[in-house]
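Worksheet: one structure, shown below.
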Amino acid sequence: MLLSVIIPCYNEEAVIAETHRRLVEVMKKLPHGYELIFVNDGSNDNTFKVLSDIAAQDKNSRILSFSRNFGHQCAVAAGLQNCAGDAAVIIDADLQDPPAVILEMLDIMKAEQANVVYGVRKRRKGESWFKLFTAKIFYRLLNYLSDVKFPVDTGDFRLMDRKIINEFNALKEKNKYIRGLISWLGFKQAPCYYEREERFAGETKYPLRKMLKFAMIGLFYFSKKPLRLATSLGFFCVCLGLAFVLWMFISRFILGGATVQGWISTIAIVVFFGGVQLLTIGVLGQYIGNIFDEAKGRPEYIVSEKINF
Ligand code: UDP
Ligand code: MG
């Protein structure tokens, strides 16, 4: 039995040596072999240098280095596509997911005969209220919109067996929303509750821009409901329009009032319908954009260097 640990790293020079030390400490307790796969996602600090030094001394540490920053999800996907383990763990580089929890995950996998053990955050230390609040709304919204049900308070920290790794690697989409895809695969999945720590050092590598992109892929790759909502909105507007026409006739011919008054209502209607149209075009555009991305068929990432593989 071989366990692969996949660690995406983007500008993590401040933590990576400590992460390696803590992971090795845990891995030494295993009765079987392991490999640590550090995916350097085009860092522009000293991450690659630190990783190379680690790999020179530790033959169980491998490095996959990207030609530029492709994003967290691509880094994890690359790790899964290049790992040799009978099981694999995805873990953040910043020690927010405590390495010791991996042992608990392995126990749960064995005890429950599970194919996936996913980490569920009981408490999240040191995260801004904004992040917690937006995450809460996003995951509830995603669950409402999607046909697949996703566990909430769950990140990518999870253990999976070879069956899952192979099924995952066979997926063809380029923009991967990994936690969603693994839920979508099915098989037996079990939770493992843990306390999420504060980032050990350095700053978050997920600014609002990246968070939004990530959320958009989650939403639009897992649901066609936004399209249906757009249709419903259109239908609602048509009904509203008909009601206005009816009101116009009643006030003109039955009540005998003048219909010329009221440019406020005219402006309101113009703005309202303009908004509805832009909104629905926007939703449509998102899907077309995604089709465009997938149709190009470019690789998910480009590897510039592989060490110890
Ligand atoms: N990460 C990455 N590429 C990116 C952004 C982040 O590989 O473009 C890695 C990062 O090094 C870390 C993990 O993804 O190991 C999670 O990032 P971070 O801890 O900054 O996110 P947060 O915990 O603040 O959501
Ligand atoms: Mg983090």
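The way I read the labels, and the way they are meant: chains A, B, ... in the order of the structure tokens, residue 1 as the first residue of every chain, and ligand 1 as the first ligand shown, with later ones counted on from there.
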*asked:* Can you work out which residues are within 9 Å of ligand 1, considering only C-alpha atoms and all ligand atoms, and then hand them over as number ranges by chain?
replied: A: 7-12, 39-43, 69-76, 91-96, 127, 131, 155, 198-199, 202-207, 210-211
Atoms to include: N, CA and C atoms. Write the selected residues as a compact mmCIF listing (two decimals), in the first residue's frame.
# COMPACT_ATOMS: atom_id res chain seq x y z
N ILE A 7 -0.05 18.29 -2.35
CA ILE A 7 0.01 19.60 -1.68
C ILE A 7 0.18 20.69 -2.73
N PRO A 8 -0.90 21.43 -3.06
CA PRO A 8 -0.77 22.55 -4.00
C PRO A 8 -0.09 23.72 -3.29
N CYS A 9 0.90 24.32 -3.95
CA CYS A 9 1.64 25.42 -3.31
C CYS A 9 1.75 26.61 -4.24
N TYR A 10 1.27 27.74 -3.80
CA TYR A 10 1.43 28.97 -4.57
C TYR A 10 1.99 30.04 -3.62
N ASN A 11 3.21 30.44 -3.87
CA ASN A 11 3.90 31.42 -3.02
C ASN A 11 3.84 31.05 -1.54
N GLU A 12 4.26 29.87 -1.22
CA GLU A 12 4.19 29.38 0.17
C GLU A 12 5.56 29.24 0.80
N VAL A 39 2.90 20.39 -5.62
CA VAL A 39 2.66 20.98 -6.94
C VAL A 39 2.91 22.48 -6.83
N ASN A 40 3.99 22.93 -7.45
CA ASN A 40 4.31 24.35 -7.41
C ASN A 40 3.55 25.06 -8.53
N ASP A 41 2.51 25.81 -8.13
CA ASP A 41 1.60 26.41 -9.10
C ASP A 41 2.14 27.77 -9.58
N GLY A 42 3.29 27.74 -10.23
CA GLY A 42 3.87 28.97 -10.79
C GLY A 42 4.15 30.04 -9.76
N SER A 43 4.68 29.65 -8.61
CA SER A 43 5.00 30.64 -7.57
C SER A 43 6.05 31.62 -8.07
N ASN A 69 1.12 30.37 -13.06
CA ASN A 69 0.05 30.12 -12.09
C ASN A 69 -1.24 29.71 -12.82
N PHE A 70 -1.63 28.45 -12.64
CA PHE A 70 -2.84 27.95 -13.29
C PHE A 70 -4.02 27.87 -12.32
N GLY A 71 -3.76 27.96 -11.04
CA GLY A 71 -4.86 27.91 -10.07
C GLY A 71 -4.86 26.65 -9.24
N HIS A 72 -5.41 26.79 -8.06
CA HIS A 72 -5.45 25.74 -7.06
C HIS A 72 -6.05 24.43 -7.59
N GLN A 73 -7.19 24.53 -8.28
CA GLN A 73 -7.87 23.31 -8.73
C GLN A 73 -7.03 22.56 -9.77
N CYS A 74 -6.35 23.29 -10.64
CA CYS A 74 -5.49 22.66 -11.64
C CYS A 74 -4.33 21.96 -10.95
N ALA A 75 -3.79 22.60 -9.89
CA ALA A 75 -2.66 22.01 -9.18
C ALA A 75 -3.07 20.68 -8.54
N VAL A 76 -4.25 20.66 -7.94
CA VAL A 76 -4.72 19.42 -7.32
C VAL A 76 -4.96 18.35 -8.38
N ILE A 91 -4.30 18.05 0.53
CA ILE A 91 -4.17 18.88 1.74
C ILE A 91 -3.57 20.23 1.37
N ASP A 92 -4.03 21.31 2.03
CA ASP A 92 -3.49 22.64 1.75
C ASP A 92 -2.07 22.75 2.30
N ALA A 93 -1.29 23.64 1.70
CA ALA A 93 0.10 23.79 2.11
C ALA A 93 0.24 24.62 3.37
N ASP A 94 -0.82 25.35 3.76
CA ASP A 94 -0.65 26.35 4.83
C ASP A 94 -0.91 25.80 6.23
N LEU A 95 -1.05 24.49 6.36
CA LEU A 95 -1.28 23.82 7.65
C LEU A 95 -2.61 24.19 8.29
N GLN A 96 -3.55 24.70 7.49
CA GLN A 96 -4.90 24.93 8.04
C GLN A 96 -5.59 23.59 8.27
N GLU A 127 -10.56 33.01 10.35
CA GLU A 127 -11.01 33.38 9.02
C GLU A 127 -11.97 34.55 9.16
N LYS A 131 -15.47 35.92 4.68
CA LYS A 131 -15.24 34.63 4.02
C LYS A 131 -16.25 33.59 4.52
N GLY A 155 -14.01 21.36 2.35
CA GLY A 155 -13.10 21.89 1.35
C GLY A 155 -12.56 20.75 0.51
N GLU A 198 -5.62 28.10 12.03
CA GLU A 198 -5.27 29.32 11.33
C GLU A 198 -4.13 29.02 10.38
N ARG A 199 -4.02 29.81 9.34
CA ARG A 199 -2.88 29.69 8.43
C ARG A 199 -1.60 29.84 9.23
N GLY A 202 2.25 33.51 6.27
CA GLY A 202 1.92 34.02 4.95
C GLY A 202 0.46 34.46 4.87
N GLU A 203 0.03 34.81 3.67
CA GLU A 203 -1.32 35.33 3.49
C GLU A 203 -2.13 34.42 2.61
N THR A 204 -3.45 34.62 2.64
CA THR A 204 -4.31 33.80 1.78
C THR A 204 -3.95 34.02 0.30
N LYS A 205 -4.00 32.96 -0.49
CA LYS A 205 -3.72 33.05 -1.92
C LYS A 205 -5.02 33.05 -2.71
N TYR A 206 -6.11 33.26 -2.00
CA TYR A 206 -7.43 33.29 -2.64
C TYR A 206 -8.06 34.67 -2.50
N PRO A 207 -7.64 35.65 -3.31
CA PRO A 207 -8.31 36.95 -3.25
C PRO A 207 -9.74 36.81 -3.80
N LYS A 210 -10.29 35.37 -7.32
CA LYS A 210 -10.17 33.92 -7.50
C LYS A 210 -11.35 33.19 -6.87
N MET A 211 -11.84 33.73 -5.73
CA MET A 211 -12.98 33.11 -5.07
C MET A 211 -14.20 33.15 -5.99
*Name the residues of segment 85-201 of chain A that fall into strand (DSSP E or B) according to DSSP on the backbone, using the chain letters and numbers of this document, as a PyMOL selection string.*
chain A and resi 87-90+116-124+154-161+189-196
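Residue nearest Met1 of chain A, chosen from A:Ile16, A:Leu64, A:Ala87, A:Ala55 and counting only C-alpha atoms: A:Ala87.
Nearest to ligand 2 of all the residues A:Ile6, A:Ala84, A:Val245, A:Ala201 is A:Ala201, based on only C-alpha atoms and all ligand atoms.
You can rank A:Leu229, A:Val276, A:Val15, A:Leu284 by their closest distance to ligand 2 using only C-alpha atoms and all ligand atoms, and at the top of that list sits A:Val15.
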Out of segment 72-122 of chain A, which residues get alpha helix (DSSP H) from DSSP, as a CSV table (one decimal) with N, CA, C and O atoms, in the first residue's frame?
chain,number,residue,atom,x,y,z
A,72,HIS,N,-5.4,26.8,-8.1
A,72,HIS,CA,-5.4,25.7,-7.1
A,72,HIS,C,-6.1,24.4,-7.6
A,72,HIS,O,-5.5,23.4,-7.4
A,73,GLN,N,-7.2,24.5,-8.3
A,73,GLN,CA,-7.9,23.3,-8.7
A,73,GLN,C,-7.0,22.6,-9.8
A,73,GLN,O,-7.0,21.3,-9.8
A,74,CYS,N,-6.4,23.3,-10.6
A,74,CYS,CA,-5.5,22.7,-11.6
A,74,CYS,C,-4.3,22.0,-10.9
A,74,CYS,O,-3.9,20.9,-11.3
A,75,ALA,N,-3.8,22.6,-9.9
A,75,ALA,CA,-2.7,22.0,-9.2
A,75,ALA,C,-3.1,20.7,-8.5
A,75,ALA,O,-2.3,19.7,-8.6
A,76,VAL,N,-4.3,20.7,-7.9
A,76,VAL,CA,-4.7,19.4,-7.3
A,76,VAL,C,-5.0,18.3,-8.4
A,76,VAL,O,-4.6,17.2,-8.2
A,77,ALA,N,-5.6,18.8,-9.5
A,77,ALA,CA,-5.8,17.8,-10.6
A,77,ALA,C,-4.5,17.2,-11.1
A,77,ALA,O,-4.4,16.0,-11.3
A,78,ALA,N,-3.5,18.0,-11.2
A,78,ALA,CA,-2.2,17.5,-11.7
A,78,ALA,C,-1.6,16.5,-10.7
A,78,ALA,O,-1.1,15.5,-11.1
A,79,GLY,N,-1.8,16.8,-9.4
A,79,GLY,CA,-1.3,15.9,-8.4
A,79,GLY,C,-2.0,14.5,-8.6
A,79,GLY,O,-1.4,13.5,-8.5
A,80,LEU,N,-3.3,14.6,-8.7
A,80,LEU,CA,-4.1,13.3,-8.8
A,80,LEU,C,-3.7,12.5,-10.1
A,80,LEU,O,-3.7,11.3,-10.1
A,81,GLN,N,-3.4,13.3,-11.2
A,81,GLN,CA,-3.1,12.6,-12.4
A,81,GLN,C,-1.6,12.0,-12.4
A,81,GLN,O,-1.3,11.2,-13.2
A,82,ASN,N,-0.8,12.5,-11.5
A,82,ASN,CA,0.6,12.0,-11.5
A,82,ASN,C,0.9,11.2,-10.2
A,82,ASN,O,2.1,10.9,-10.0
A,101,VAL,N,-4.8,14.7,11.0
A,101,VAL,CA,-6.1,14.2,10.7
A,101,VAL,C,-6.1,13.1,9.6
A,101,VAL,O,-7.0,12.3,9.5
A,102,ILE,N,-5.0,13.1,8.8
A,102,ILE,CA,-4.9,12.1,7.8
A,102,ILE,C,-5.0,10.7,8.4
A,102,ILE,O,-5.6,9.8,7.8
A,103,LEU,N,-4.4,10.5,9.6
A,103,LEU,CA,-4.4,9.2,10.2
A,103,LEU,C,-5.8,8.8,10.6
A,103,LEU,O,-6.3,7.7,10.4
A,104,GLU,N,-6.6,9.8,11.1
A,104,GLU,CA,-8.0,9.6,11.4
A,104,GLU,C,-8.8,9.2,10.1
A,104,GLU,O,-9.6,8.3,10.2
A,105,MET,N,-8.5,9.9,9.1
A,105,MET,CA,-9.2,9.6,7.8
A,105,MET,C,-8.9,8.2,7.3
A,105,MET,O,-9.8,7.5,6.9
A,106,LEU,N,-7.6,7.7,7.5
A,106,LEU,CA,-7.3,6.4,7.1
A,106,LEU,C,-8.1,5.4,7.9
A,106,LEU,O,-8.6,4.3,7.4
A,107,ASP,N,-8.2,5.6,9.2
A,107,ASP,CA,-9.0,4.7,10.1
A,107,ASP,C,-10.4,4.7,9.7
A,107,ASP,O,-11.0,3.6,9.6
A,108,ILE,N,-11.0,5.9,9.4
A,108,ILE,CA,-12.4,5.9,9.0
A,108,ILE,C,-12.6,5.1,7.7
A,108,ILE,O,-13.6,4.4,7.5
A,109,MET,N,-11.7,5.3,6.8
A,109,MET,CA,-11.8,4.6,5.5
A,109,MET,C,-11.8,3.1,5.7
A,109,MET,O,-12.6,2.4,5.1
A,110,LYS,N,-11.0,2.6,6.6
A,110,LYS,CA,-10.9,1.2,6.8
A,110,LYS,C,-12.1,0.7,7.5
A,110,LYS,O,-12.8,-0.2,7.1
A,111,ALA,N,-12.5,1.5,8.6
A,111,ALA,CA,-13.6,1.0,9.4
A,111,ALA,C,-14.9,1.0,8.6
A,111,ALA,O,-15.8,0.1,8.8
A,112,GLU,N,-15.1,2.0,7.8
A,112,GLU,CA,-16.4,2.2,7.1
A,112,GLU,C,-16.4,1.6,5.7
A,112,GLU,O,-17.3,1.8,5.0
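When only C-alpha atoms are used to measure the gap to Phe130 of chain A, the shortest distance among A:Thr19, A:Leu208, A:Gln261, A:Tyr118 belongs to A:Leu208.
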